[in-house]
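The data block below is protein-v5.pdb; it holds PDB, C-alpha atoms.
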ATOM      1  CA  MET A   1     216.547  10.395 215.944  1.00  0.00           C
ATOM      2  CA  SER A   2     216.551  11.855 219.470  1.00  0.00           C
ATOM      3  CA  GLN A   3     216.633  15.591 220.116  1.00  0.00           C
ATOM      4  CA  GLN A   4     220.079  15.166 221.696  1.00  0.00           C
ATOM      5  CA  THR A   5     221.436  13.409 218.593  1.00  0.00           C
ATOM      6  CA  LEU A   6     219.956  16.102 216.343  1.00  0.00           C
ATOM      7  CA  LEU A   7     221.507  18.795 218.533  1.00  0.00           C
ATOM      8  CA  ASN A   8     224.890  17.032 218.591  1.00  0.00           C
ATOM      9  CA  ASN A   9     224.834  16.847 214.778  1.00  0.00           C
ATOM     10  CA  LEU A  10     223.888  20.530 214.554  1.00  0.00           C
ATOM     11  CA  ASN A  11     226.711  21.448 216.949  1.00  0.00           C
ATOM     12  CA  LYS A  12     229.210  19.641 214.681  1.00  0.00           C
ATOM     13  CA  GLN A  13     227.942  21.676 211.728  1.00  0.00           C
ATOM     14  CA  MET A  14     228.273  24.912 213.722  1.00  0.00           C
ATOM     15  CA  LEU A  15     231.822  24.042 214.772  1.00  0.00           C
ATOM     16  CA  ALA A  16     232.757  23.792 211.080  1.00  0.00           C
ATOM     17  CA  CYS A  17     231.027  27.063 210.098  1.00  0.00           C
ATOM     18  CA  THR A  18     233.087  29.770 208.363  1.00  0.00           C
ATOM     19  CA  GLN A  19     230.207  31.886 207.020  1.00  0.00           C
ATOM     20  CA  CYS A  20     231.189  35.169 208.651  1.00  0.00           C
ATOM     21  CA  ALA A  21     234.308  37.144 209.528  1.00  0.00           C
ATOM     22  CA  LEU A  22     233.909  36.458 213.269  1.00  0.00           C
ATOM     23  CA  ARG A  23     235.240  32.924 212.789  1.00  0.00           C
ATOM     24  CA  LYS A  24     238.582  34.324 211.624  1.00  0.00           C
ATOM     25  CA  THR A  25     239.107  36.324 214.826  1.00  0.00           C
ATOM     26  CA  CYS A  26     237.803  33.971 217.529  1.00  0.00           C
ATOM     27  CA  ASN A  27     239.446  30.914 219.103  1.00  0.00           C
ATOM     28  CA  GLN A  28     236.451  28.642 218.666  1.00  0.00           C
ATOM     29  CA  VAL A  29     232.750  28.424 217.928  1.00  0.00           C
ATOM     30  CA  VAL A  30     230.481  28.348 221.006  1.00  0.00           C
ATOM     31  CA  PRO A  31     227.286  26.536 219.874  1.00  0.00           C
ATOM     32  CA  GLY A  32     225.421  26.446 223.191  1.00  0.00           C
ATOM     33  CA  GLU A  33     224.876  24.031 226.031  1.00  0.00           C
ATOM     34  CA  GLY A  34     222.246  22.385 228.176  1.00  0.00           C
ATOM     35  CA  SER A  35     219.326  20.015 227.858  1.00  0.00           C
ATOM     36  CA  ALA A  36     218.073  19.138 224.373  1.00  0.00           C
ATOM     37  CA  ASN A  37     214.641  18.768 226.035  1.00  0.00           C
ATOM     38  CA  ALA A  38     214.734  22.102 227.873  1.00  0.00           C
ATOM     39  CA  GLU A  39     211.470  23.917 228.483  1.00  0.00           C
ATOM     40  CA  ILE A  40     213.405  27.168 228.891  1.00  0.00           C
ATOM     41  CA  MET A  41     215.990  28.521 226.465  1.00  0.00           C
ATOM     42  CA  PHE A  42     218.137  31.532 227.327  1.00  0.00           C
ATOM     43  CA  ILE A  43     219.696  33.517 224.512  1.00  0.00           C
ATOM     44  CA  GLY A  44     222.548  35.946 225.121  1.00  0.00           C
ATOM     45  CA  GLU A  45     224.301  38.182 222.627  1.00  0.00           C
ATOM     46  CA  GLY A  46     227.626  36.452 221.967  1.00  0.00           C
ATOM     47  CA  PRO A  47     230.551  34.660 223.565  1.00  0.00           C
ATOM     48  CA  GLY A  48     232.952  36.716 225.676  1.00  0.00           C
ATOM     49  CA  LYS A  49     236.647  36.157 226.311  1.00  0.00           C
ATOM     50  CA  LYS A  50     236.195  33.259 228.772  1.00  0.00           C
ATOM     51  CA  GLU A  51     233.526  31.604 226.620  1.00  0.00           C
ATOM     52  CA  ASP A  52     235.817  31.851 223.588  1.00  0.00           C
ATOM     53  CA  GLU A  53     238.617  30.190 225.564  1.00  0.00           C
ATOM     54  CA  LEU A  54     236.470  27.345 226.957  1.00  0.00           C
ATOM     55  CA  GLY A  55     233.935  26.846 224.144  1.00  0.00           C
ATOM     56  CA  ARG A  56     231.001  27.148 226.559  1.00  0.00           C
ATOM     57  CA  PRO A  57     228.408  29.937 226.938  1.00  0.00           C
ATOM     58  CA  PHE A  58     228.086  32.053 230.085  1.00  0.00           C
ATOM     59  CA  VAL A  59     231.146  30.855 232.001  1.00  0.00           C
ATOM     60  CA  GLY A  60     232.579  34.236 233.040  1.00  0.00           C
ATOM     61  CA  SER A  61     231.296  36.623 235.714  1.00  0.00           C
ATOM     62  CA  ALA A  62     227.919  36.986 233.989  1.00  0.00           C
ATOM     63  CA  GLY A  63     227.652  33.189 233.905  1.00  0.00           C
ATOM     64  CA  LYS A  64     228.234  32.960 237.642  1.00  0.00           C
ATOM     65  CA  PHE A  65     225.421  35.434 238.207  1.00  0.00           C
ATOM     66  CA  LEU A  66     223.202  33.498 235.759  1.00  0.00           C
ATOM     67  CA  ASN A  67     223.836  30.346 237.836  1.00  0.00           C
ATOM     68  CA  GLU A  68     222.785  32.284 240.946  1.00  0.00           C
ATOM     69  CA  LEU A  69     219.621  33.510 239.187  1.00  0.00           C
ATOM     70  CA  LEU A  70     218.783  29.958 238.104  1.00  0.00           C
ATOM     71  CA  ALA A  71     219.346  28.654 241.646  1.00  0.00           C
ATOM     72  CA  SER A  72     216.915  31.305 242.929  1.00  0.00           C
ATOM     73  CA  ILE A  73     214.149  29.456 241.019  1.00  0.00           C
ATOM     74  CA  ASN A  74     215.471  25.944 241.735  1.00  0.00           C
ATOM     75  CA  LEU A  75     217.007  25.370 238.308  1.00  0.00           C
ATOM     76  CA  LYS A  76     220.467  24.287 237.199  1.00  0.00           C
ATOM     77  CA  ARG A  77     222.222  24.772 233.879  1.00  0.00           C
ATOM     78  CA  GLU A  78     221.465  21.127 233.026  1.00  0.00           C
ATOM     79  CA  ASP A  79     217.714  21.925 233.175  1.00  0.00           C
ATOM     80  CA  ILE A  80     217.808  24.673 230.543  1.00  0.00           C
ATOM     81  CA  TYR A  81     219.524  25.457 227.257  1.00  0.00           C
ATOM     82  CA  ILE A  82     221.803  28.468 226.757  1.00  0.00           C
ATOM     83  CA  ALA A  83     222.817  29.874 223.378  1.00  0.00           C
ATOM     84  CA  ASN A  84     223.794  33.216 221.846  1.00  0.00           C
ATOM     85  CA  THR A  85     222.718  35.323 218.873  1.00  0.00           C
ATOM     86  CA  VAL A  86     226.187  34.787 217.372  1.00  0.00           C
ATOM     87  CA  LYS A  87     228.293  31.702 217.947  1.00  0.00           C
ATOM     88  CA  CYS A  88     231.735  33.352 217.682  1.00  0.00           C
ATOM     89  CA  ARG A  89     233.202  36.075 219.884  1.00  0.00           C
ATOM     90  CA  PRO A  90     233.183  39.550 218.329  1.00  0.00           C
ATOM     91  CA  PRO A  91     236.666  41.144 218.511  1.00  0.00           C
ATOM     92  CA  ASN A  92     237.376  43.012 221.762  1.00  0.00           C
ATOM     93  CA  ASN A  93     233.921  42.012 223.078  1.00  0.00           C
ATOM     94  CA  ARG A  94     232.220  44.553 220.837  1.00  0.00           C
ATOM     95  CA  ASP A  95     228.479  44.203 220.183  1.00  0.00           C
ATOM     96  CA  PRO A  96     227.588  41.773 217.394  1.00  0.00           C
ATOM     97  CA  LEU A  97     226.761  43.620 214.173  1.00  0.00           C
ATOM     98  CA  PRO A  98     223.301  43.222 212.592  1.00  0.00           C
ATOM     99  CA  GLU A  99     224.790  41.382 209.595  1.00  0.00           C
ATOM    100  CA  GLU A 100     226.645  38.977 211.920  1.00  0.00           C
ATOM    101  CA  LYS A 101     223.429  38.186 213.763  1.00  0.00           C
ATOM    102  CA  LYS A 102     221.662  37.725 210.443  1.00  0.00           C
ATOM    103  CA  ILE A 103     224.302  35.251 209.211  1.00  0.00           C
ATOM    104  CA  CYS A 104     224.091  33.290 212.496  1.00  0.00           C
ATOM    105  CA  TRP A 105     220.286  33.397 212.743  1.00  0.00           C
ATOM    106  CA  HIS A 106     219.740  30.090 210.883  1.00  0.00           C
ATOM    107  CA  TRP A 107     221.809  28.269 213.546  1.00  0.00           C
ATOM    108  CA  LEU A 108     219.678  29.679 216.346  1.00  0.00           C
ATOM    109  CA  GLU A 109     216.511  28.915 214.417  1.00  0.00           C
ATOM    110  CA  LYS A 110     217.606  25.271 214.016  1.00  0.00           C
ATOM    111  CA  GLN A 111     218.437  25.038 217.734  1.00  0.00           C
ATOM    112  CA  LEU A 112     214.968  26.344 218.584  1.00  0.00           C
ATOM    113  CA  ALA A 113     213.315  23.909 216.156  1.00  0.00           C
ATOM    114  CA  ILE A 114     215.134  20.934 217.745  1.00  0.00           C
ATOM    115  CA  ILE A 115     214.744  21.923 221.411  1.00  0.00           C
ATOM    116  CA  GLN A 116     211.239  23.400 221.097  1.00  0.00           C
ATOM    117  CA  PRO A 117     211.375  25.327 224.374  1.00  0.00           C
ATOM    118  CA  LYS A 118     208.177  26.519 226.002  1.00  0.00           C
ATOM    119  CA  ILE A 119     209.794  29.863 226.905  1.00  0.00           C
ATOM    120  CA  ILE A 120     212.530  31.782 225.119  1.00  0.00           C
ATOM    121  CA  ILE A 121     214.331  34.243 227.378  1.00  0.00           C
ATOM    122  CA  PRO A 122     216.308  36.823 225.438  1.00  0.00           C
ATOM    123  CA  LEU A 123     218.974  38.244 227.740  1.00  0.00           C
ATOM    124  CA  GLY A 124     219.510  41.868 226.777  1.00  0.00           C
ATOM    125  CA  ARG A 125     218.625  44.047 223.829  1.00  0.00           C
ATOM    126  CA  HIS A 126     220.668  42.228 221.175  1.00  0.00           C
ATOM    127  CA  SER A 127     218.766  38.979 221.530  1.00  0.00           C
ATOM    128  CA  LEU A 128     215.463  40.740 222.231  1.00  0.00           C
ATOM    129  CA  GLU A 129     215.523  42.524 218.860  1.00  0.00           C
ATOM    130  CA  LEU A 130     215.699  39.176 217.050  1.00  0.00           C
ATOM    131  CA  PHE A 131     212.298  38.232 218.450  1.00  0.00           C
ATOM    132  CA  ILE A 132     210.612  41.592 219.041  1.00  0.00           C
ATOM    133  CA  PRO A 133     212.154  44.210 216.734  1.00  0.00           C
ATOM    134  CA  ASN A 134     212.172  47.791 218.059  1.00  0.00           C
ATOM    135  CA  ALA A 135     211.293  46.691 221.611  1.00  0.00           C
ATOM    136  CA  LYS A 136     213.259  48.282 224.441  1.00  0.00           C
ATOM    137  CA  ILE A 137     214.627  45.941 227.080  1.00  0.00           C
ATOM    138  CA  SER A 138     213.850  48.548 229.761  1.00  0.00           C
ATOM    139  CA  GLU A 139     210.141  48.303 228.849  1.00  0.00           C
ATOM    140  CA  ALA A 140     209.886  44.642 227.826  1.00  0.00           C
ATOM    141  CA  HIS A 141     211.814  42.906 230.637  1.00  0.00           C
ATOM    142  CA  GLY A 142     209.788  40.775 233.030  1.00  0.00           C
ATOM    143  CA  ARG A 143     206.780  40.562 230.672  1.00  0.00           C
ATOM    144  CA  ALA A 144     205.627  37.574 228.629  1.00  0.00           C
ATOM    145  CA  PHE A 145     204.844  37.950 224.924  1.00  0.00           C
ATOM    146  CA  ARG A 146     203.156  35.313 222.730  1.00  0.00           C
ATOM    147  CA  LYS A 147     203.747  35.463 218.998  1.00  0.00           C
ATOM    148  CA  PRO A 148     203.740  33.251 215.928  1.00  0.00           C
ATOM    149  CA  PHE A 149     207.106  31.734 215.103  1.00  0.00           C
ATOM    150  CA  PRO A 150     207.140  29.357 212.095  1.00  0.00           C
ATOM    151  CA  PRO A 151     209.449  26.596 213.382  1.00  0.00           C
ATOM    152  CA  LEU A 152     207.470  26.360 216.653  1.00  0.00           C
ATOM    153  CA  LYS A 153     204.008  27.686 215.690  1.00  0.00           C
ATOM    154  CA  GLN A 154     203.617  29.932 218.767  1.00  0.00           C
ATOM    155  CA  ILE A 155     206.344  31.018 221.152  1.00  0.00           C
ATOM    156  CA  THR A 156     206.404  32.741 224.498  1.00  0.00           C
ATOM    157  CA  ILE A 157     209.149  35.299 224.849  1.00  0.00           C
ATOM    158  CA  PHE A 158     210.070  36.519 228.313  1.00  0.00           C
ATOM    159  CA  PRO A 159     212.860  39.124 228.002  1.00  0.00           C
ATOM    160  CA  SER A 160     215.217  40.007 230.811  1.00  0.00           C
ATOM    161  CA  TYR A 161     218.324  42.096 231.195  1.00  0.00           C
ATOM    162  CA  HIS A 162     221.634  40.426 230.420  1.00  0.00           C
ATOM    163  CA  PRO A 163     223.275  39.274 233.682  1.00  0.00           C
ATOM    164  CA  ALA A 164     226.391  41.296 232.723  1.00  0.00           C
ATOM    165  CA  ALA A 165     224.298  44.482 232.986  1.00  0.00           C
ATOM    166  CA  ALA A 166     223.925  43.867 236.737  1.00  0.00           C
ATOM    167  CA  LEU A 167     227.703  43.608 237.064  1.00  0.00           C
ATOM    168  CA  TYR A 168     228.004  47.184 235.757  1.00  0.00           C
ATOM    169  CA  ASN A 169     224.824  48.542 237.296  1.00  0.00           C
ATOM    170  CA  GLY A 170     224.166  47.056 240.751  1.00  0.00           C
ATOM    171  CA  SER A 171     220.545  48.276 240.839  1.00  0.00           C
ATOM    172  CA  LEU A 172     219.704  45.836 238.018  1.00  0.00           C
ATOM    173  CA  ARG A 173     220.587  42.882 240.238  1.00  0.00           C
ATOM    174  CA  LYS A 174     217.280  43.159 242.113  1.00  0.00           C
ATOM    175  CA  THR A 175     215.394  43.650 238.817  1.00  0.00           C
ATOM    176  CA  LEU A 176     216.902  40.470 237.373  1.00  0.00           C
ATOM    177  CA  LEU A 177     216.054  38.490 240.499  1.00  0.00           C
ATOM    178  CA  GLU A 178     212.454  39.763 240.309  1.00  0.00           C
ATOM    179  CA  ASP A 179     212.213  38.892 236.596  1.00  0.00           C
ATOM    180  CA  PHE A 180     213.532  35.383 237.230  1.00  0.00           C
ATOM    181  CA  LYS A 181     211.020  34.818 240.065  1.00  0.00           C
ATOM    182  CA  LYS A 182     208.259  35.166 237.435  1.00  0.00           C
ATOM    183  CA  ILE A 183     209.644  32.437 235.139  1.00  0.00           C
ATOM    184  CA  PRO A 184     208.093  29.414 236.970  1.00  0.00           C
ATOM    185  CA  LYS A 185     204.671  31.133 236.954  1.00  0.00           C
ATOM    186  CA  VAL A 186     204.914  31.893 233.223  1.00  0.00           C
ATOM    187  CA  LEU A 187     205.933  28.291 232.539  1.00  0.00           C
ATOM    188  CA  GLU A 188     202.995  27.006 234.598  1.00  0.00           C
ATOM    189  CA  LEU A 189     200.568  29.197 232.615  1.00  0.00           C
ATOM    190  CA  ILE A 190     201.998  28.021 229.282  1.00  0.00           C
ATOM    191  CA  CYS A 191     201.630  24.366 230.336  1.00  0.00           C
ATOM    192  CA  LYS A 192     197.963  25.013 231.189  1.00  0.00           C
ATOM    193  CA  ILE A 193     197.151  26.550 227.787  1.00  0.00           C
ATOM    194  CA  SER A 194     199.225  24.098 225.716  1.00  0.00           C
TER
END
Representation of the structure as structure tokens:
Amino acid sequence: MSQQTLLNNLNKQMLACTQCALRKTCNQVVPGEGSANAEIMFIGEGPGKKEDELGRPFVGSAGKFLNELLASINLKREDIYIANTVKCRPPNNRDPLPEEKKICWHWLEKQLAIIQPKIIIPLGRHSLELFIPNAKISEAHGRAFRKPFPPLKQITIFPSYHPAAALYNGSLRKTLLEDFKKIPKVLELICKIS
């Protein structure tokens, strides 16, 4: 079975999920989107209002900035995969709770196992703590970390700020652009050692 078929089947399972209370308050599940063969996987915290309406990740203001960041390194959304720590919008755009992320973790783990990205890019502290507990985004952003990860053996994690952070704090815009400029170099290094 192809990676795309496996991912399509997984998405159908996610769309039917009712394991946590978030499903009762959102419009729809937002599994993720992009290439099933992506070398780079971005992971945000959770769907926002626009994402909940359209069923697609990163389609609001933060998504527009993410598209701009991708374009700055000659990538398009079709080249990567984008998912979130939780697949349903938390009420009033609140942060996802630890237990909600824990319930949703197996979906993300299955996505990672199917796609097998070379780099995982947690966007913001909520996704970063899933991969590097107790790390601070302000210290970890723009740096590559290699660690064991059972479904994929070894993974490279390259944290960055969430694009929404730059919408509230303009000085982070430059930081995000600088972080993204490093992604092709990190990918090149990983391909050499793989």
Requested in this report: Pull out every residue that the PyMOL selection byres ((chain A and resi 150) around 12) matches in the shown coordinates and put them as a ChimeraX atom specification.
Outcome: /A:109-110,112-113,116,147-149,151-155
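Across the structure, atom CA of Gln111 of chain A and atom CA of Gly60 of chain A are spaced 22.8 Å apart.
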Report task. For His141 of chain A, list every protein, DNA or RNA residue within 10 Å, evaluated using all atoms listed in the file, and leave out those in the same chain fewer than 3 positions away; present the list as a ChimeraX atom specification. Result -> /A:121-125,128,135-138,144,157-161,175-176,179
For segment 62-151 of chain A versus segment 11-21 of chain A, which residues have an atom no more than 10 Å away, and what is each residue's nearest atom pair and distance in Å rounded to one decimal, using only C-alpha atoms, chain-then-number order, as a Markdown table?
| residue | atom | partner | partner_atom | distance |
| --- | --- | --- | --- | --- |
| A:Lys87 | CA | A:Met14 | CA | 8.0 |
| A:Cys88 | CA | A:Cys20 | CA | 9.2 |
| A:Pro90 | CA | A:Ala21 | CA | 9.2 |
| A:Glu99 | CA | A:Cys20 | CA | 9.0 |
| A:Glu100 | CA | A:Cys20 | CA | 6.8 |
| A:Lys101 | CA | A:Cys20 | CA | 9.8 |
| A:Ile103 | CA | A:Cys20 | CA | 6.9 |
| A:Cys104 | CA | A:Cys20 | CA | 8.3 |
| A:Trp107 | CA | A:Met14 | CA | 7.3 |
| A:Gln111 | CA | A:Asn11 | CA | 9.1 |
Grab the residues selected above and save them as an mmCIF file, in the frame of the given file with C-alpha atoms.
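File written: again27.cif
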data_model
loop_
_atom_site.group_PDB
_atom_site.id
_atom_site.type_symbol
_atom_site.label_atom_id
_atom_site.label_comp_id
_atom_site.auth_asym_id
_atom_site.auth_seq_id
_atom_site.Cartn_x
_atom_site.Cartn_y
_atom_site.Cartn_z
ATOM 1 C CA LYS A 87 228.293 31.702 217.947
ATOM 2 C CA CYS A 88 231.735 33.352 217.682
ATOM 3 C CA PRO A 90 233.183 39.550 218.329
ATOM 4 C CA GLU A 99 224.790 41.382 209.595
ATOM 5 C CA GLU A 100 226.645 38.977 211.920
ATOM 6 C CA LYS A 101 223.429 38.186 213.763
ATOM 7 C CA ILE A 103 224.302 35.251 209.211
ATOM 8 C CA CYS A 104 224.091 33.290 212.496
ATOM 9 C CA TRP A 107 221.809 28.269 213.546
ATOM 10 C CA GLN A 111 218.437 25.038 217.734
#
Considering only C-alpha atoms, return as an mmCIF file with C-alpha atoms, keeping the file's coordinate frame whatever protein or nucleic-acid residues lie within 12 Å of segment 184-187 of chain A, sequence-local ones (same chain, fewer than 5 positions apart) excluded.
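That gives us part29.cif:
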data_model
loop_
_atom_site.group_PDB
_atom_site.id
_atom_site.type_symbol
_atom_site.label_atom_id
_atom_site.label_comp_id
_atom_site.auth_asym_id
_atom_site.auth_seq_id
_atom_site.Cartn_x
_atom_site.Cartn_y
_atom_site.Cartn_z
ATOM 1 C CA ALA A 38 214.734 22.102 227.873
ATOM 2 C CA GLU A 39 211.470 23.917 228.483
ATOM 3 C CA ILE A 40 213.405 27.168 228.891
ATOM 4 C CA MET A 41 215.990 28.521 226.465
ATOM 5 C CA LEU A 70 218.783 29.958 238.104
ATOM 6 C CA SER A 72 216.915 31.305 242.929
ATOM 7 C CA ILE A 73 214.149 29.456 241.019
ATOM 8 C CA ASN A 74 215.471 25.944 241.735
ATOM 9 C CA LEU A 75 217.007 25.370 238.308
ATOM 10 C CA PRO A 117 211.375 25.327 224.374
ATOM 11 C CA LYS A 118 208.177 26.519 226.002
ATOM 12 C CA ILE A 119 209.794 29.863 226.905
ATOM 13 C CA ILE A 120 212.530 31.782 225.119
ATOM 14 C CA ILE A 121 214.331 34.243 227.378
ATOM 15 C CA GLY A 142 209.788 40.775 233.030
ATOM 16 C CA ARG A 143 206.780 40.562 230.672
ATOM 17 C CA ALA A 144 205.627 37.574 228.629
ATOM 18 C CA PHE A 145 204.844 37.950 224.924
ATOM 19 C CA ARG A 146 203.156 35.313 222.730
ATOM 20 C CA ILE A 155 206.344 31.018 221.152
ATOM 21 C CA THR A 156 206.404 32.741 224.498
ATOM 22 C CA ILE A 157 209.149 35.299 224.849
ATOM 23 C CA PHE A 158 210.070 36.519 228.313
ATOM 24 C CA PRO A 159 212.860 39.124 228.002
ATOM 25 C CA GLU A 178 212.454 39.763 240.309
ATOM 26 C CA ASP A 179 212.213 38.892 236.596
ATOM 27 C CA LYS A 192 197.963 25.013 231.189
ATOM 28 C CA ILE A 193 197.151 26.550 227.787
ATOM 29 C CA SER A 194 199.225 24.098 225.716
#
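The coordinates place atom CA of Gly32 of chain A at 19.5 Å from atom CA of Arg94 of chain A.
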Requested in this report: Calculate how many Å separate atom CA of Asn134 of chain A from atom CA of Leu97 of chain A, rounding to one decimal.
Outcome: 15.7 Å
Query raised in the report: Do you know which residues are at most 10 Å from Glu51 of chain A counting all atoms listed in the file, after dropping those on the same chain fewer than 3 positions away, and could you put them as a PyMOL selection string?
Result: chain A and resi 27-30+46-48+54-60+63+88-89
Query raised in the report: If we count only C-alpha atoms, what is near Leu66 of chain A at a cut-off of 9 Å, once residues fewer than 6 positions away on the same chain are taken out, given as a ChimeraX atom specification?
Result: /A:58,77,162-164
Requested in this report: Compile the contact shell of Asn84 of chain A as a ChimeraX atom specification: residues with an atom at most 6 Å away, counting all atoms listed in the file, same-chain residues fewer than 2 positions apart removed.
Outcome: /A:43-46,86
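Distances here use all atoms listed in the file; by that measure, the residue among A:Asn9, A:Gln3, A:Thr85, A:Ser61 closest to Lys49 of chain A is A:Ser61.
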Report task. Select, counting all atoms listed in the file, all protein, DNA and RNA residues no farther than 8 Å from (214.6, 21.3, 230.9) in file coordinates, and express the selection as JSON, numbers by chain. Result -> {"A": [35, 36, 37, 38, 39, 40, 78, 79, 80, 81]}
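Of the residues listed (A:Ile115, A:Ala140, A:Leu6, A:Leu22), A:Leu22 shows the shortest atom-to-atom separation from Pro96 of chain A; distances use all atoms listed in the file.
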Residue rebuild result segment 42-59 of chain A, N, CA and C atoms as a PDB file, in the coordinates of the input:
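Output file out-v5.pdb is given in full below:
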ATOM      1  N   PHE A  42     217.594  30.189 227.135  1.00  0.00           N
ATOM      2  CA  PHE A  42     218.137  31.532 227.327  1.00  0.00           C
ATOM      3  C   PHE A  42     219.016  31.870 226.132  1.00  0.00           C
ATOM      4  N   ILE A  43     218.896  33.100 225.658  1.00  0.00           N
ATOM      5  CA  ILE A  43     219.696  33.517 224.512  1.00  0.00           C
ATOM      6  C   ILE A  43     220.399  34.834 224.836  1.00  0.00           C
ATOM      7  N   GLY A  44     221.725  34.758 224.887  1.00  0.00           N
ATOM      8  CA  GLY A  44     222.548  35.946 225.121  1.00  0.00           C
ATOM      9  C   GLY A  44     222.959  36.568 223.806  1.00  0.00           C
ATOM     10  N   GLU A  45     223.917  37.509 223.872  1.00  0.00           N
ATOM     11  CA  GLU A  45     224.301  38.182 222.627  1.00  0.00           C
ATOM     12  C   GLU A  45     225.440  37.479 221.904  1.00  0.00           C
ATOM     13  N   GLY A  46     226.491  37.115 222.612  1.00  0.00           N
ATOM     14  CA  GLY A  46     227.626  36.452 221.967  1.00  0.00           C
ATOM     15  C   GLY A  46     228.646  36.027 222.999  1.00  0.00           C
ATOM     16  N   PRO A  47     229.523  35.116 222.624  1.00  0.00           N
ATOM     17  CA  PRO A  47     230.551  34.660 223.565  1.00  0.00           C
ATOM     18  C   PRO A  47     231.504  35.789 223.948  1.00  0.00           C
ATOM     19  N   GLY A  48     231.928  35.788 225.203  1.00  0.00           N
ATOM     20  CA  GLY A  48     232.952  36.716 225.676  1.00  0.00           C
ATOM     21  C   GLY A  48     234.305  36.032 225.671  1.00  0.00           C
ATOM     22  N   LYS A  49     235.270  36.658 226.302  1.00  0.00           N
ATOM     23  CA  LYS A  49     236.647  36.157 226.311  1.00  0.00           C
ATOM     24  C   LYS A  49     236.731  34.740 226.909  1.00  0.00           C
ATOM     25  N   LYS A  50     236.136  34.555 228.091  1.00  0.00           N
ATOM     26  CA  LYS A  50     236.195  33.259 228.772  1.00  0.00           C
ATOM     27  C   LYS A  50     235.468  32.176 227.973  1.00  0.00           C
ATOM     28  N   GLU A  51     234.317  32.550 227.418  1.00  0.00           N
ATOM     29  CA  GLU A  51     233.526  31.604 226.620  1.00  0.00           C
ATOM     30  C   GLU A  51     234.311  31.164 225.379  1.00  0.00           C
ATOM     31  N   ASP A  52     235.004  32.125 224.767  1.00  0.00           N
ATOM     32  CA  ASP A  52     235.817  31.851 223.588  1.00  0.00           C
ATOM     33  C   ASP A  52     236.982  30.912 223.925  1.00  0.00           C
ATOM     34  N   GLU A  53     237.519  31.060 225.122  1.00  0.00           N
ATOM     35  CA  GLU A  53     238.617  30.190 225.564  1.00  0.00           C
ATOM     36  C   GLU A  53     238.129  28.767 225.834  1.00  0.00           C
ATOM     37  N   LEU A  54     236.954  28.651 226.500  1.00  0.00           N
ATOM     38  CA  LEU A  54     236.470  27.345 226.957  1.00  0.00           C
ATOM     39  C   LEU A  54     235.474  26.665 226.015  1.00  0.00           C
ATOM     40  N   GLY A  55     234.914  27.425 225.072  1.00  0.00           N
ATOM     41  CA  GLY A  55     233.935  26.846 224.144  1.00  0.00           C
ATOM     42  C   GLY A  55     232.576  26.601 224.755  1.00  0.00           C
ATOM     43  N   ARG A  56     232.290  27.300 225.866  1.00  0.00           N
ATOM     44  CA  ARG A  56     231.001  27.148 226.559  1.00  0.00           C
ATOM     45  C   ARG A  56     230.385  28.523 226.791  1.00  0.00           C
ATOM     46  N   PRO A  57     229.055  28.640 226.709  1.00  0.00           N
ATOM     47  CA  PRO A  57     228.408  29.937 226.938  1.00  0.00           C
ATOM     48  C   PRO A  57     228.292  30.272 228.430  1.00  0.00           C
ATOM     49  N   PHE A  58     228.332  31.542 228.726  1.00  0.00           N
ATOM     50  CA  PHE A  58     228.086  32.053 230.085  1.00  0.00           C
ATOM     51  C   PHE A  58     228.939  31.359 231.148  1.00  0.00           C
ATOM     52  N   VAL A  59     230.256  31.443 231.006  1.00  0.00           N
ATOM     53  CA  VAL A  59     231.146  30.855 232.001  1.00  0.00           C
ATOM     54  C   VAL A  59     231.988  31.907 232.734  1.00  0.00           C
TER      55      VAL A  59
END
